[in-house]
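Chemist: Next comes target19.txt, compact mmCIF, C-alpha atoms:
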# COMPACT_ATOMS: atom_id res chain seq x y z
CA MET P 108 -0.56 -107.64 -92.22
CA TYR P 109 -1.38 -111.22 -91.36
CA TYR P 110 -0.39 -113.28 -88.37
CA TYR P 111 -0.07 -116.94 -89.37
CA VAL P 112 -0.53 -119.62 -86.76
CA LEU P 113 0.72 -122.96 -88.05
CA GLU P 114 -0.48 -126.26 -86.68
CA ALA P 115 2.35 -128.13 -84.95
CA PRO P 116 4.12 -129.94 -87.81
CA SER P 117 3.64 -133.68 -87.50
CA SER P 118 6.10 -134.76 -90.18
CA ARG P 119 9.01 -133.68 -92.30
CA ALA P 120 6.66 -133.33 -95.26
CA THR P 121 4.58 -130.81 -93.31
CA ARG P 122 7.69 -128.78 -92.46
CA GLN P 123 8.62 -128.71 -96.15
CA LEU P 124 5.07 -127.66 -96.99
CA TYR P 125 5.30 -124.80 -94.50
CA GLN P 126 8.55 -123.67 -96.15
CA LYS P 127 6.84 -123.67 -99.55
CA LEU P 128 3.99 -121.68 -98.06
CA ARG P 129 6.41 -119.12 -96.62
CA ASP P 130 7.96 -118.66 -100.10
CA LEU P 131 4.54 -118.36 -101.72
CA LEU P 132 3.34 -115.74 -99.23
CA THR P 133 6.57 -113.75 -99.69
CA GLN P 134 6.00 -113.79 -103.47
CA LEU P 135 2.51 -112.41 -102.93
CA SER P 136 3.80 -109.82 -100.41
CA ILE P 137 1.54 -111.08 -97.64
CA ALA P 138 4.18 -112.92 -95.61
CA GLY P 139 3.43 -111.33 -92.20
CA GLU P 140 4.52 -113.11 -89.04
CA MET P 141 4.52 -116.89 -88.74
CA VAL P 142 4.39 -118.88 -85.54
CA ALA P 143 3.88 -122.61 -85.00
CA ALA P 144 1.83 -124.17 -82.24
CA SER P 145 3.62 -126.56 -79.92
CA PRO P 146 2.96 -128.32 -76.63
CA ALA P 147 4.41 -125.23 -74.95
CA ARG P 148 2.16 -122.73 -76.76
CA SER P 149 -1.27 -123.68 -78.06
CA ALA P 150 -2.79 -122.23 -81.20
CA TYR P 151 -5.27 -120.39 -78.95
CA GLU P 152 -2.48 -118.74 -76.95
CA LEU P 153 -0.55 -117.82 -80.09
CA SER P 154 -3.69 -116.24 -81.58
CA GLU P 155 -4.15 -114.22 -78.38
CA MET P 156 -0.54 -113.06 -78.67
CA GLY P 157 -1.06 -112.04 -82.29
CA MET P 158 -4.10 -109.94 -81.42
CA GLU P 159 -2.24 -108.33 -78.51
CA LYS P 160 0.46 -107.35 -80.98
CA GLY P 161 -2.19 -105.56 -83.00
CA TYR P 162 -2.81 -108.01 -85.84
CA SER P 163 -6.37 -107.79 -87.07
CA THR P 164 -6.28 -111.00 -89.12
CA ILE P 165 -5.17 -114.31 -87.74
CA VAL P 166 -4.59 -117.03 -90.32
CA ALA P 167 -5.02 -120.64 -89.27
CA VAL P 168 -2.71 -122.95 -91.22
CA GLY P 169 -3.72 -126.53 -90.55
CA GLY P 170 -6.61 -128.95 -90.13
CA ASP P 171 -10.11 -128.85 -88.68
CA HIS P 172 -9.37 -128.80 -84.97
CA HIS P 173 -6.67 -126.15 -85.45
CA VAL P 174 -9.06 -123.93 -87.42
CA ASN P 175 -11.78 -124.36 -84.79
CA GLU P 176 -9.37 -123.48 -81.98
CA ILE P 177 -8.28 -120.28 -83.68
CA ALA P 178 -11.88 -119.39 -84.52
CA THR P 179 -12.59 -119.61 -80.77
CA ALA P 180 -9.73 -117.20 -80.07
CA VAL P 181 -10.55 -114.59 -82.73
CA LEU P 182 -14.37 -114.52 -82.49
CA GLY P 183 -15.55 -110.92 -82.27
CA ARG P 184 -11.98 -109.59 -82.09
CA ALA P 185 -10.24 -110.31 -85.38
CA VAL P 186 -10.76 -111.72 -88.87
CA LEU P 187 -10.05 -115.41 -89.46
CA GLY P 188 -8.05 -116.51 -92.50
CA VAL P 189 -7.57 -120.17 -93.35
CA ILE P 190 -4.91 -122.04 -95.27
CA PRO P 191 -6.16 -125.62 -95.25
CA VAL P 192 -3.45 -128.20 -94.63
CA GLY P 193 -4.97 -131.61 -94.04
CA ALA P 194 -8.36 -130.00 -93.49
CA SER P 195 -11.61 -131.77 -94.34
CA ASN P 196 -14.33 -130.52 -96.64
CA LEU P 197 -16.03 -128.99 -93.59
CA VAL P 198 -13.41 -126.25 -93.84
CA THR P 199 -12.93 -126.11 -97.59
CA ASP P 200 -16.68 -125.91 -98.25
CA ILE P 201 -16.87 -122.77 -96.12
CA ILE P 202 -13.78 -121.01 -97.45
CA GLY P 203 -14.37 -122.08 -101.05
CA TYR P 204 -10.85 -123.25 -101.86
CA THR P 205 -8.88 -126.41 -101.28
CA ASP P 206 -5.21 -125.84 -102.08
CA MET P 207 -2.52 -123.64 -100.60
CA ARG P 208 -2.03 -121.43 -103.66
CA GLU P 209 -5.75 -120.65 -103.94
CA ALA P 210 -5.80 -119.95 -100.21
CA ALA P 211 -2.88 -117.53 -100.50
CA ASN P 212 -4.59 -115.73 -103.37
CA ALA P 213 -7.81 -115.50 -101.37
CA LEU P 214 -5.87 -113.96 -98.46
CA LYS P 215 -4.43 -111.37 -100.82
CA GLN P 216 -7.91 -110.56 -102.19
CA ARG P 217 -9.32 -110.36 -98.64
CA ARG P 218 -12.95 -111.03 -99.40
CA LEU P 219 -14.84 -111.30 -96.15
CA SER P 220 -17.96 -113.18 -95.18
CA THR P 221 -19.63 -113.74 -91.84
CA GLN P 222 -20.47 -117.14 -90.42
CA SER P 223 -22.62 -118.24 -87.53
CA THR P 224 -21.05 -120.06 -84.63
CA VAL P 225 -22.26 -121.84 -81.53
CA LEU P 226 -20.97 -120.98 -78.10
CA ILE P 227 -20.41 -123.82 -75.69
CA GLU P 228 -20.61 -121.89 -72.46
CA PRO P 229 -18.53 -120.44 -71.06
CA SER P 230 -16.06 -119.79 -73.89
CA THR P 231 -15.61 -122.56 -76.47
CA ILE P 232 -16.78 -122.05 -80.01
CA ILE P 233 -18.23 -124.54 -82.46
CA PHE P 234 -17.32 -123.38 -85.94
CA LEU P 235 -16.76 -126.77 -87.55
CA ASP P 236 -18.94 -129.82 -86.94
CA THR P 237 -18.59 -131.17 -83.44
CA VAL P 238 -19.26 -134.77 -82.51
CA ILE P 239 -20.15 -136.61 -79.32
CA SER P 240 -19.84 -140.31 -79.97
CA THR P 241 -19.88 -143.53 -78.05
CA SER P 242 -19.63 -147.12 -79.23
CA LYS P 243 -22.15 -148.32 -76.61
CA LEU P 244 -25.59 -146.74 -76.49
CA ALA P 245 -25.66 -143.86 -74.00
CA LYS P 246 -28.49 -141.80 -72.59
CA ILE P 247 -28.98 -138.27 -73.80
CA SER P 248 -31.36 -135.52 -72.71
CA MET P 249 -31.68 -132.30 -74.63
CA ILE P 250 -33.64 -129.19 -73.71
CA LEU P 251 -34.18 -127.10 -76.81
CA ASP P 252 -35.08 -123.40 -76.61
CA ASN P 253 -36.39 -124.09 -73.08
CA LYS P 254 -39.52 -125.53 -74.70
CA VAL P 255 -38.82 -129.06 -75.80
CA ARG P 256 -37.30 -131.91 -73.84
CA THR P 257 -36.02 -134.96 -75.61
CA HIS P 258 -34.75 -138.20 -74.21
CA ALA P 259 -33.08 -140.91 -76.21
CA TYR P 260 -30.35 -143.48 -76.41
CA PHE P 261 -27.68 -142.57 -78.91
CA ASN P 262 -24.35 -143.46 -80.44
CA GLN P 263 -23.49 -140.16 -82.06
CA LEU P 264 -24.57 -136.54 -81.87
CA THR P 265 -23.26 -134.11 -84.46
CA ILE P 266 -23.66 -130.36 -83.95
CA ASN P 267 -22.91 -127.77 -86.60
CA ARG P 268 -22.36 -124.02 -86.46
CA PHE P 269 -26.08 -123.30 -86.92
CA LEU P 270 -26.91 -125.35 -83.82
CA GLN P 271 -28.45 -128.03 -85.97
CA MET P 272 -28.14 -131.38 -84.28
CA LYS P 273 -28.17 -134.86 -85.79
CA LEU P 274 -28.70 -137.72 -83.40
CA ASP P 275 -27.88 -141.26 -84.53
CA SER P 276 -28.35 -144.54 -82.80
CA PHE P 277 -27.88 -148.14 -83.81
CA HIS P 278 -29.91 -150.76 -81.94
CA THR P 279 -29.43 -154.45 -82.47
CA THR P 280 -32.58 -156.50 -82.12
CA GLU P 281 -32.42 -159.45 -79.76
CA VAL P 282 -31.18 -162.71 -81.26
CA LYS P 283 -33.56 -165.63 -80.69
CA LYS P 284 -33.20 -169.31 -81.55
CA VAL P 285 -36.03 -170.96 -83.45
CA PHE P 286 -36.35 -174.72 -82.72
CA GLY P 287 -32.91 -174.39 -81.17
CA ILE P 288 -31.40 -174.28 -84.65
CA PHE P 289 -32.07 -171.05 -86.51
CA ASN P 290 -31.22 -167.58 -85.29
CA THR P 291 -33.65 -164.73 -85.80
CA GLY P 292 -33.20 -161.07 -84.94
CA GLY P 293 -29.79 -159.51 -84.57
CA ASN P 294 -30.71 -156.85 -87.10
CA VAL P 295 -29.31 -153.38 -86.68
CA ILE P 296 -31.95 -150.65 -86.58
CA HIS P 297 -30.70 -147.17 -87.36
CA SER P 298 -32.54 -144.23 -85.85
CA GLU P 299 -31.78 -140.72 -87.02
CA SER P 300 -33.18 -137.51 -85.58
CA HIS P 301 -32.68 -133.88 -86.54
CA PHE P 302 -33.25 -130.90 -84.29
CA HIS P 303 -32.33 -127.25 -84.35
CA ALA P 304 -32.52 -124.56 -81.74
CA LYS P 305 -31.15 -121.21 -80.66
CA VAL P 306 -30.35 -122.42 -77.18
CA ALA P 307 -29.79 -126.00 -76.10
CA ARG P 308 -28.75 -127.86 -73.00
CA ILE P 309 -27.31 -131.31 -73.54
CA ILE P 310 -26.78 -133.88 -70.84
CA THR P 311 -25.37 -137.34 -71.45
CA ASP P 312 -25.02 -140.33 -69.18
CA PRO P 313 -22.13 -141.10 -68.93
CA ILE P 314 -20.24 -137.83 -69.34
CA LEU P 315 -18.75 -137.75 -72.84
CA PRO P 316 -16.20 -135.59 -74.64
CA VAL P 317 -17.19 -133.20 -77.42
CA ASN P 318 -14.76 -133.57 -80.32
CA VAL P 319 -13.74 -131.63 -83.38
CA SER P 320 -11.85 -133.89 -85.74
CA GLY P 321 -11.13 -136.33 -82.92
CA VAL P 322 -9.79 -133.72 -80.48
CA ALA P 323 -11.83 -132.94 -77.37
CA ILE P 324 -12.89 -129.30 -76.99
CA ALA P 325 -15.46 -129.68 -74.20
CA GLU P 326 -17.51 -132.32 -72.42
CA SER P 327 -21.11 -132.90 -71.52
CA PRO P 328 -23.22 -131.61 -69.83
CA MET P 329 -23.09 -128.41 -71.78
CA GLN P 330 -25.09 -125.31 -72.55
CA LEU P 331 -25.08 -124.18 -76.19
CA ARG P 332 -26.09 -120.89 -77.72
CA LEU P 333 -26.32 -119.92 -81.39
CA ILE P 334 -24.47 -116.71 -82.27
CA PRO P 335 -25.62 -115.75 -85.76
CA ASP P 336 -23.13 -114.08 -88.15
CA SER P 337 -20.51 -113.79 -85.47
CA LEU P 338 -17.29 -114.85 -87.19
CA LYS P 339 -15.62 -112.78 -89.91
CA ILE P 340 -13.69 -115.03 -92.23
CA ILE P 341 -11.78 -114.61 -95.49
CA THR P 342 -13.45 -116.70 -98.19
CA LYS P 343 -13.33 -117.03 -101.94
CA ARG P 344 -16.82 -115.64 -102.42
CA GLY P 345 -16.92 -113.05 -99.69
CA THR P 346 -17.33 -109.32 -100.23
CA LEU P 347 -14.43 -106.92 -100.53
CA LEU P 348 -15.83 -104.60 -97.90
CA GLU P 349 -14.97 -105.22 -94.29
CA MET V 19 -22.48 -133.13 -92.33
CA ARG V 20 -24.78 -135.45 -94.22
CA ASN V 21 -28.45 -134.48 -94.23
CA MET V 22 -27.76 -131.29 -92.35
CA PRO V 23 -28.03 -128.57 -94.95
CA ASN V 24 -26.65 -125.25 -93.82
CA GLU V 25 -29.72 -123.11 -93.96
CA GLY V 26 -29.12 -120.75 -91.12
CA THR V 27 -31.32 -120.12 -88.16
CA SER V 28 -34.67 -121.24 -89.58
CA GLY V 29 -33.28 -124.76 -89.80
CA PRO V 30 -33.85 -127.65 -92.15
CA GLY V 31 -36.83 -129.12 -90.28
CA THR V 32 -37.17 -131.58 -87.45
CA VAL V 33 -37.03 -135.36 -87.45
CA VAL V 34 -37.88 -137.24 -84.28
CA GLY V 35 -36.25 -140.65 -84.56
CA VAL V 36 -37.84 -143.94 -83.59
CA ASN V 37 -36.03 -144.19 -80.25
CA VAL V 38 -36.64 -140.59 -79.18
CA ALA V 39 -39.20 -139.45 -76.61
CA LEU V 40 -39.99 -135.77 -76.78
CA SER V 41 -42.16 -133.59 -74.57
CA GLY V 42 -43.18 -129.97 -74.95
CA THR V 43 -44.24 -127.84 -77.88
CA LEU V 44 -42.51 -128.91 -81.07
CA LYS V 45 -42.71 -125.95 -83.45
CA ASP V 46 -40.94 -125.65 -86.78
CA GLN V 47 -41.26 -123.37 -89.77
CA ASN V 48 -40.28 -126.32 -91.94
CA ASP V 49 -41.33 -129.96 -92.18
CA ILE V 50 -41.66 -132.14 -89.11
CA ILE V 51 -41.30 -135.91 -89.36
CA ILE V 52 -42.04 -138.08 -86.32
CA TYR V 53 -41.12 -141.72 -85.85
CA GLY V 54 -40.80 -141.66 -82.06
CA MET V 55 -43.00 -140.54 -79.18
CA VAL V 56 -44.16 -136.97 -78.73
CA ASP V 57 -46.09 -135.74 -75.72
CA GLY V 58 -47.18 -132.20 -76.50
CA GLU V 59 -48.22 -129.90 -79.29
CA VAL V 60 -46.78 -130.31 -82.79
CA VAL V 61 -46.92 -127.26 -85.05
CA SER V 62 -45.44 -126.78 -88.51
CA GLU V 63 -46.04 -124.15 -91.15
CA LYS V 64 -45.44 -126.84 -93.76
CA SER V 65 -45.95 -130.57 -93.44
CA VAL V 66 -46.19 -132.93 -90.50
CA THR V 67 -45.57 -136.62 -91.16
CA VAL V 68 -46.38 -139.07 -88.40
CA GLY V 69 -44.59 -142.30 -89.26
CA GLU V 70 -45.83 -145.84 -88.62
CA THR V 71 -43.85 -146.20 -85.40
CA ALA V 72 -44.84 -142.78 -84.05
CA GLN V 73 -47.14 -142.02 -81.15
CA VAL V 74 -48.25 -138.46 -80.63
CA LYS V 75 -50.21 -137.35 -77.60
CA GLY V 76 -51.33 -133.80 -78.20
CA PRO V 77 -52.70 -131.48 -80.86
CA VAL V 78 -51.09 -131.49 -84.30
CA LYS V 79 -51.23 -128.49 -86.60
CA GLY V 80 -49.79 -128.09 -90.08
CA ALA V 81 -50.56 -127.41 -93.71
CA LEU V 82 -50.18 -130.99 -94.94
CA ILE V 83 -50.47 -133.77 -92.41
CA THR V 84 -49.91 -137.45 -93.09
CA VAL V 85 -50.67 -139.95 -90.35
CA SER V 86 -49.31 -143.48 -90.48
CA GLY V 87 -48.84 -143.82 -86.73
CA THR V 88 -51.07 -142.92 -83.78
CA ILE V 89 -52.28 -139.47 -82.79
CA ARG V 90 -54.26 -138.89 -79.62
CA GLY V 91 -55.28 -135.28 -79.98
CA ALA V 92 -56.92 -132.78 -82.28
CA ILE V 93 -55.61 -132.35 -85.82
CA ASP V 94 -55.79 -129.09 -87.70
CA ALA V 95 -54.56 -129.44 -91.27
CA SER V 96 -55.01 -126.17 -93.14
CA GLU V 97 -54.63 -127.81 -96.55
CA ARG V 98 -54.83 -131.59 -96.45
CA LEU V 99 -54.92 -134.52 -94.05
CA GLU V 100 -54.19 -138.09 -95.05
CA ILE V 101 -54.60 -141.05 -92.73
CA THR V 102 -52.88 -144.05 -94.24
CA GLU V 103 -53.65 -147.77 -93.84
CA THR V 104 -51.75 -147.95 -90.56
CA GLY V 105 -52.84 -144.56 -89.22
CA LYS V 106 -54.91 -144.18 -86.05
CA VAL V 107 -56.44 -140.91 -84.99
CA PHE V 108 -58.28 -140.43 -81.70
CA GLY V 109 -59.40 -136.83 -81.73
CA SER V 110 -61.23 -134.22 -83.71
CA ILE V 111 -60.14 -133.22 -87.17
CA ALA V 112 -60.37 -129.90 -88.97
CA THR V 113 -59.20 -129.77 -92.57
CA LYS V 114 -60.09 -128.70 -96.09
CA ASP V 115 -59.18 -131.95 -97.80
CA LEU V 116 -59.33 -135.35 -96.12
CA VAL V 117 -58.09 -138.73 -97.33
CA ILE V 118 -58.63 -141.87 -95.28
CA ARG V 119 -57.09 -145.08 -96.60
CA SER V 120 -58.62 -148.49 -96.10
CA GLY V 121 -57.59 -149.88 -92.72
CA ALA V 122 -57.20 -146.52 -91.04
CA VAL V 123 -58.90 -145.80 -87.72
CA LEU V 124 -60.54 -142.50 -86.93
CA VAL V 125 -62.42 -141.84 -83.71
CA GLY V 126 -63.54 -138.24 -83.48
CA LYS V 127 -65.41 -135.39 -84.97
CA VAL V 128 -64.58 -134.26 -88.47
CA THR V 129 -65.01 -130.64 -89.50
CA MET V 130 -64.25 -129.37 -92.96
CA GLY V 131 -63.72 -125.65 -93.40
CA ALA V 132 -65.72 -124.79 -96.52
CA ASP V 133 -69.49 -124.86 -96.78
CA GLU V 134 -71.11 -128.22 -97.39
CA GLN V 135 -72.07 -127.67 -101.02
CA ALA V 136 -68.60 -126.50 -102.03
CA VAL V 137 -66.97 -129.49 -100.41
CA GLN V 138 -69.38 -131.88 -102.07
CA GLU V 139 -68.56 -130.39 -105.47
CA GLU V 140 -64.87 -130.71 -104.75
CA THR V 141 -65.15 -134.35 -103.74
CA LYS V 142 -66.66 -135.25 -107.10
CA GLU V 143 -63.38 -134.29 -108.77
CA ASN V 144 -61.31 -136.69 -106.74
CA THR V 145 -59.60 -139.65 -108.36
CA GLU V 146 -60.49 -143.26 -107.74
CA GLU V 147 -57.33 -143.76 -105.71
CA GLU V 148 -58.37 -141.37 -103.02
CA VAL V 149 -61.56 -140.75 -101.16
CA SER V 150 -62.43 -137.35 -99.85
CA ILE V 151 -65.03 -137.33 -97.17
CA PRO V 152 -67.74 -134.74 -97.56
CA VAL V 153 -68.62 -132.46 -94.73
CA HIS V 154 -69.23 -134.29 -91.48
CA THR V 155 -70.76 -131.62 -89.39
CA ASP V 156 -71.88 -133.10 -86.15
CA GLU V 157 -74.78 -130.94 -85.18
CA ASP V 158 -75.51 -132.92 -82.06
CA ASN V 159 -71.90 -132.55 -80.94
CA LYS V 160 -71.78 -136.30 -80.64
CA GLU V 161 -68.54 -138.07 -81.22
CA GLU V 162 -68.52 -139.66 -84.61
CA VAL V 163 -66.77 -142.88 -85.44
CA VAL V 164 -65.61 -143.33 -88.99
CA ASP V 165 -64.44 -146.70 -90.07
CA GLY V 166 -61.84 -146.34 -92.81
CA ASN V 167 -62.80 -149.72 -94.26
CA ALA V 168 -66.31 -148.57 -94.83
CA LEU V 169 -65.31 -145.34 -96.54
CA ALA V 170 -62.56 -146.34 -98.91
CA PRO V 171 -63.30 -147.95 -102.25
CA ASP V 172 -61.63 -151.14 -103.34
CA GLU V 173 -57.99 -150.22 -103.93
CA GLU V 174 -57.38 -152.79 -106.65
Translate the structure of the given file into structure tokens.
Modeler:
Amino acid sequence: MYYYVLEAPSSRATRQLYQKLRDLLTQLSIAGEMVAASPARSAYELSEMGMEKGYSTIVAVGGDHHVNEIATAVLGRAVLGVIPVGASNLVTDIIGYTDMREAANALKQRRLSTQSTVLIEPSTIIFLDTVISTSKLAKISMILDNKVRTHAYFNQLTINRFLQMKLDSFHTTEVKKVFGIFNTGGNVIHSESHFHAKVARIITDPILPVNVSGVAIAESPMQLRLIPDSLKIITKRGTLLE
Amino acid sequence: MRNMPNEGTSGPGTVVGVNVALSGTLKDQNDIIIYGMVDGEVVSEKSVTVGETAQVKGPVKGALITVSGTIRGAIDASERLEITETGKVFGSIATKDLVIRSGAVLVGKVTMGADEQAVQEETKENTEEEVSIPVHTDEDNKEEVVDGNALAPDEE
């Protein structure tokens, strides 16, 4: 049976949606136990409680950050199910469905697939794309696989679950006056870099938060490690065998 | 994530942006594109593209190598090496197929893998747009300077 961890409802509409979901899951005979995250109990803590009660599948009902938090809790210990509510295509592309009814049907079918994740040491997991961003250019140093050192100025670093990193920066060229009348320069130059590694150390100056969907999950400096095929998740195109 | 295909552990390739300085051995099973500065070895099983703004100090190895920036180091292109109009190479070259565009700079020894006769036959088949240099075996082990302007035909 499933243990559903709902994201803290932010509006009346979300509460009504959760009620509809409860009815739908009852119809499909996969209702299980439902709990909602709150300031008093985080989704991580609730997932821990579910596993302690003996549930082998924890279902995250909510958006990107909520799904990532529960993935961190269940990694290597239980199966992750997802009912996307306000989730981006980062989630729906992985699970293969977008609406609640499809998600409920997928949970009933219980097709499993495994996904890679990245560990931010000591214990945070990157399952969905994680972003370090800053409006002003900041310094970044990365040591990749203990072989390559990179130094750059950046505005945004995006890290996905395969430890593929995309580094973006936007420089503005200096504005100069010609004959005291015309302005030249001031153009924005975009620089984009792509790296991948199995192990990475990332240092930024200043220290910056690492966000999933705008919510901080860690901060730099950080040590990252790829964990291939580490997360079992219910998806539309998974296999029926566990 | 845009431009970050999910291809698992082998990765989608490496791009070193224009404002990035990198040191160490840059190895990738897939394509490597460099616009920034690299101090160290660059190795790809596929292609290596050195962009106009790039400066590489170290040996470069790959199947297909295109140089539009500056390389100070040996180049080993197992299939083909192209030095474009803006490309500058200071180092020895080993390749099967070499293209040097008008305006390129090459300072170094050129070695082509096949025997001289075979390469000469191959070069006859090339189109007018490209120039393949026949074998440049430097028997005296002297450094050879090849001026791209002198080698390339009129482009127009």
Chemist: Could you build a table of the residues in chain P lying no more than 6 Å from chain V, giving for each the nearest pair of atoms and their separation in Å rounded to one decimal place, using only C-alpha atoms, ordered by chain and ascending residue number, as a Markdown table?
Modeler:
| residue | atom | partner | partner_atom | distance |
| --- | --- | --- | --- | --- |
| P:Lys254 | CA | V:Gly42 | CA | 5.8 |
| P:Val255 | CA | V:Gly42 | CA | 4.5 |
| P:Arg256 | CA | V:Ser41 | CA | 5.2 |
| P:Thr257 | CA | V:Leu40 | CA | 4.2 |
| P:His258 | CA | V:Ala39 | CA | 5.2 |
| P:Ala259 | CA | V:Val38 | CA | 4.6 |
| P:Phe269 | CA | V:Gly26 | CA | 5.8 |
| P:Ser298 | CA | V:Gly35 | CA | 5.3 |
| P:Glu299 | CA | V:Gly35 | CA | 5.1 |
| P:Ser300 | CA | V:Gly35 | CA | 4.5 |
| P:His301 | CA | V:Val33 | CA | 4.7 |
| P:Phe302 | CA | V:Thr32 | CA | 5.1 |
Chemist: Find the residue from V:Ala92, V:Val85, V:Val68, V:Val60 that sits nearest to V:Arg119; use only C-alpha atoms when measuring.
Modeler: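 Ranked by minimum distance to V:Arg119, first place goes to V:Val85.
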Chemist: Just the number, please: distance in Å from atom CA of V:Val66 to atom CA of V:Gln47, one decimal.
Modeler: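 Pair atom CA of V:Val66 / atom CA of V:Gln47 returns 10.8 Å.
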Chemist: Just to confirm, what's the straight-line distance from atom CA of P:Glu155 to atom CA of P:Ala167 in Å (one decimal)?
Modeler: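 Going from atom CA of P:Glu155 over to atom CA of P:Ala167 covers 12.7 Å.
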Chemist: Tell me, in Å to one decimal, how far atom CA of V:Lys114 is from atom CA of V:Lys79.
Modeler: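 These atoms are spaced 13.0 Å apart.
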Chemist: Can you pull out the residues contacting stretch 336-346 of chain P? Cut-off 8 Å, using only C-alpha atoms, and skip same-chain residues under 5 positions away; I want them as JSON, numbers by chain.
Modeler: {"P": [178, 182, 183, 185, 186, 187, 188, 189, 201, 202, 203, 204, 213, 214, 217, 218, 219, 220, 221, 222, 223, 224]}
Chemist: Using only C-alpha atoms, pick whichever of P:Lys283, P:Thr311, P:Ser276, P:Glu228 has the shortest atom-to-atom distance to P:Gln330.
Modeler: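 The answer is P:Glu228, which sits nearest to P:Gln330.
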Chemist: What box, with edges along x, y and z, holds each listed atom of stretch 77-86 of chain V when 8 Å is added on every side, and can you state its centre and edge lengths in Å to one decimal, as JSON?
Modeler:
{"center_x": -51.0, "center_y": -135.4, "center_z": -87.9, "size_x": 19.4, "size_y": 32.1, "size_z": 30.1}
Chemist: In terms of the shortest atom-to-atom distance over all atoms listed in the file, which of P:Ile239, P:Ala210, P:Ser154, P:Thr205 is closest to P:Arg184?
Modeler: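 Checking each of P:Ile239, P:Ala210, P:Ser154, P:Thr205 against P:Arg184, counting all atoms listed in the file, the winner is P:Ser154.
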Chemist: Dig up all the protein and nucleic acid residues within 8 Å of (-59.9, -148.2, -84.8) in the file frame, using only C-alpha atoms, and format them as an mmCIF file with C-alpha atoms, in the coordinates of the input.
Modeler:
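Final output, saved to out.cif:
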data_model
loop_
_atom_site.group_PDB
_atom_site.id
_atom_site.type_symbol
_atom_site.label_atom_id
_atom_site.label_comp_id
_atom_site.auth_asym_id
_atom_site.auth_seq_id
_atom_site.Cartn_x
_atom_site.Cartn_y
_atom_site.Cartn_z
ATOM 1 C CA LYS V 106 -54.910 -144.180 -86.050
ATOM 2 C CA ALA V 122 -57.200 -146.520 -91.040
ATOM 3 C CA VAL V 123 -58.900 -145.800 -87.720
ATOM 4 C CA LEU V 124 -60.540 -142.500 -86.930
ATOM 5 C CA VAL V 125 -62.420 -141.840 -83.710
ATOM 6 C CA ASP V 165 -64.440 -146.700 -90.070
#
Chemist: For P:Ser117, find every residue with an atom within 12 Å (counting all atoms listed in the file), except residues of its own chain fewer than 4 positions away, and show them as an mmCIF file with C-alpha atoms, keeping the file's coordinate frame.
Modeler:
data_model
loop_
_atom_site.group_PDB
_atom_site.id
_atom_site.type_symbol
_atom_site.label_atom_id
_atom_site.label_comp_id
_atom_site.auth_asym_id
_atom_site.auth_seq_id
_atom_site.Cartn_x
_atom_site.Cartn_y
_atom_site.Cartn_z
ATOM 1 C CA LEU P 113 0.720 -122.960 -88.050
ATOM 2 C CA THR P 121 4.580 -130.810 -93.310
ATOM 3 C CA ARG P 122 7.690 -128.780 -92.460
ATOM 4 C CA GLN P 123 8.620 -128.710 -96.150
ATOM 5 C CA LEU P 124 5.070 -127.660 -96.990
ATOM 6 C CA TYR P 125 5.300 -124.800 -94.500
ATOM 7 C CA ALA P 143 3.880 -122.610 -85.000
ATOM 8 C CA ALA P 144 1.830 -124.170 -82.240
ATOM 9 C CA SER P 145 3.620 -126.560 -79.920
ATOM 10 C CA GLY P 169 -3.720 -126.530 -90.550
ATOM 11 C CA GLY P 170 -6.610 -128.950 -90.130
ATOM 12 C CA VAL P 192 -3.450 -128.200 -94.630
ATOM 13 C CA GLY P 193 -4.970 -131.610 -94.040
#
Chemist: With distances taken over all atoms listed in the file, which of V:Val61, V:Val74, V:Ile93, V:Ile83 is nearest to V:Ser110?
Modeler: V:Ile93
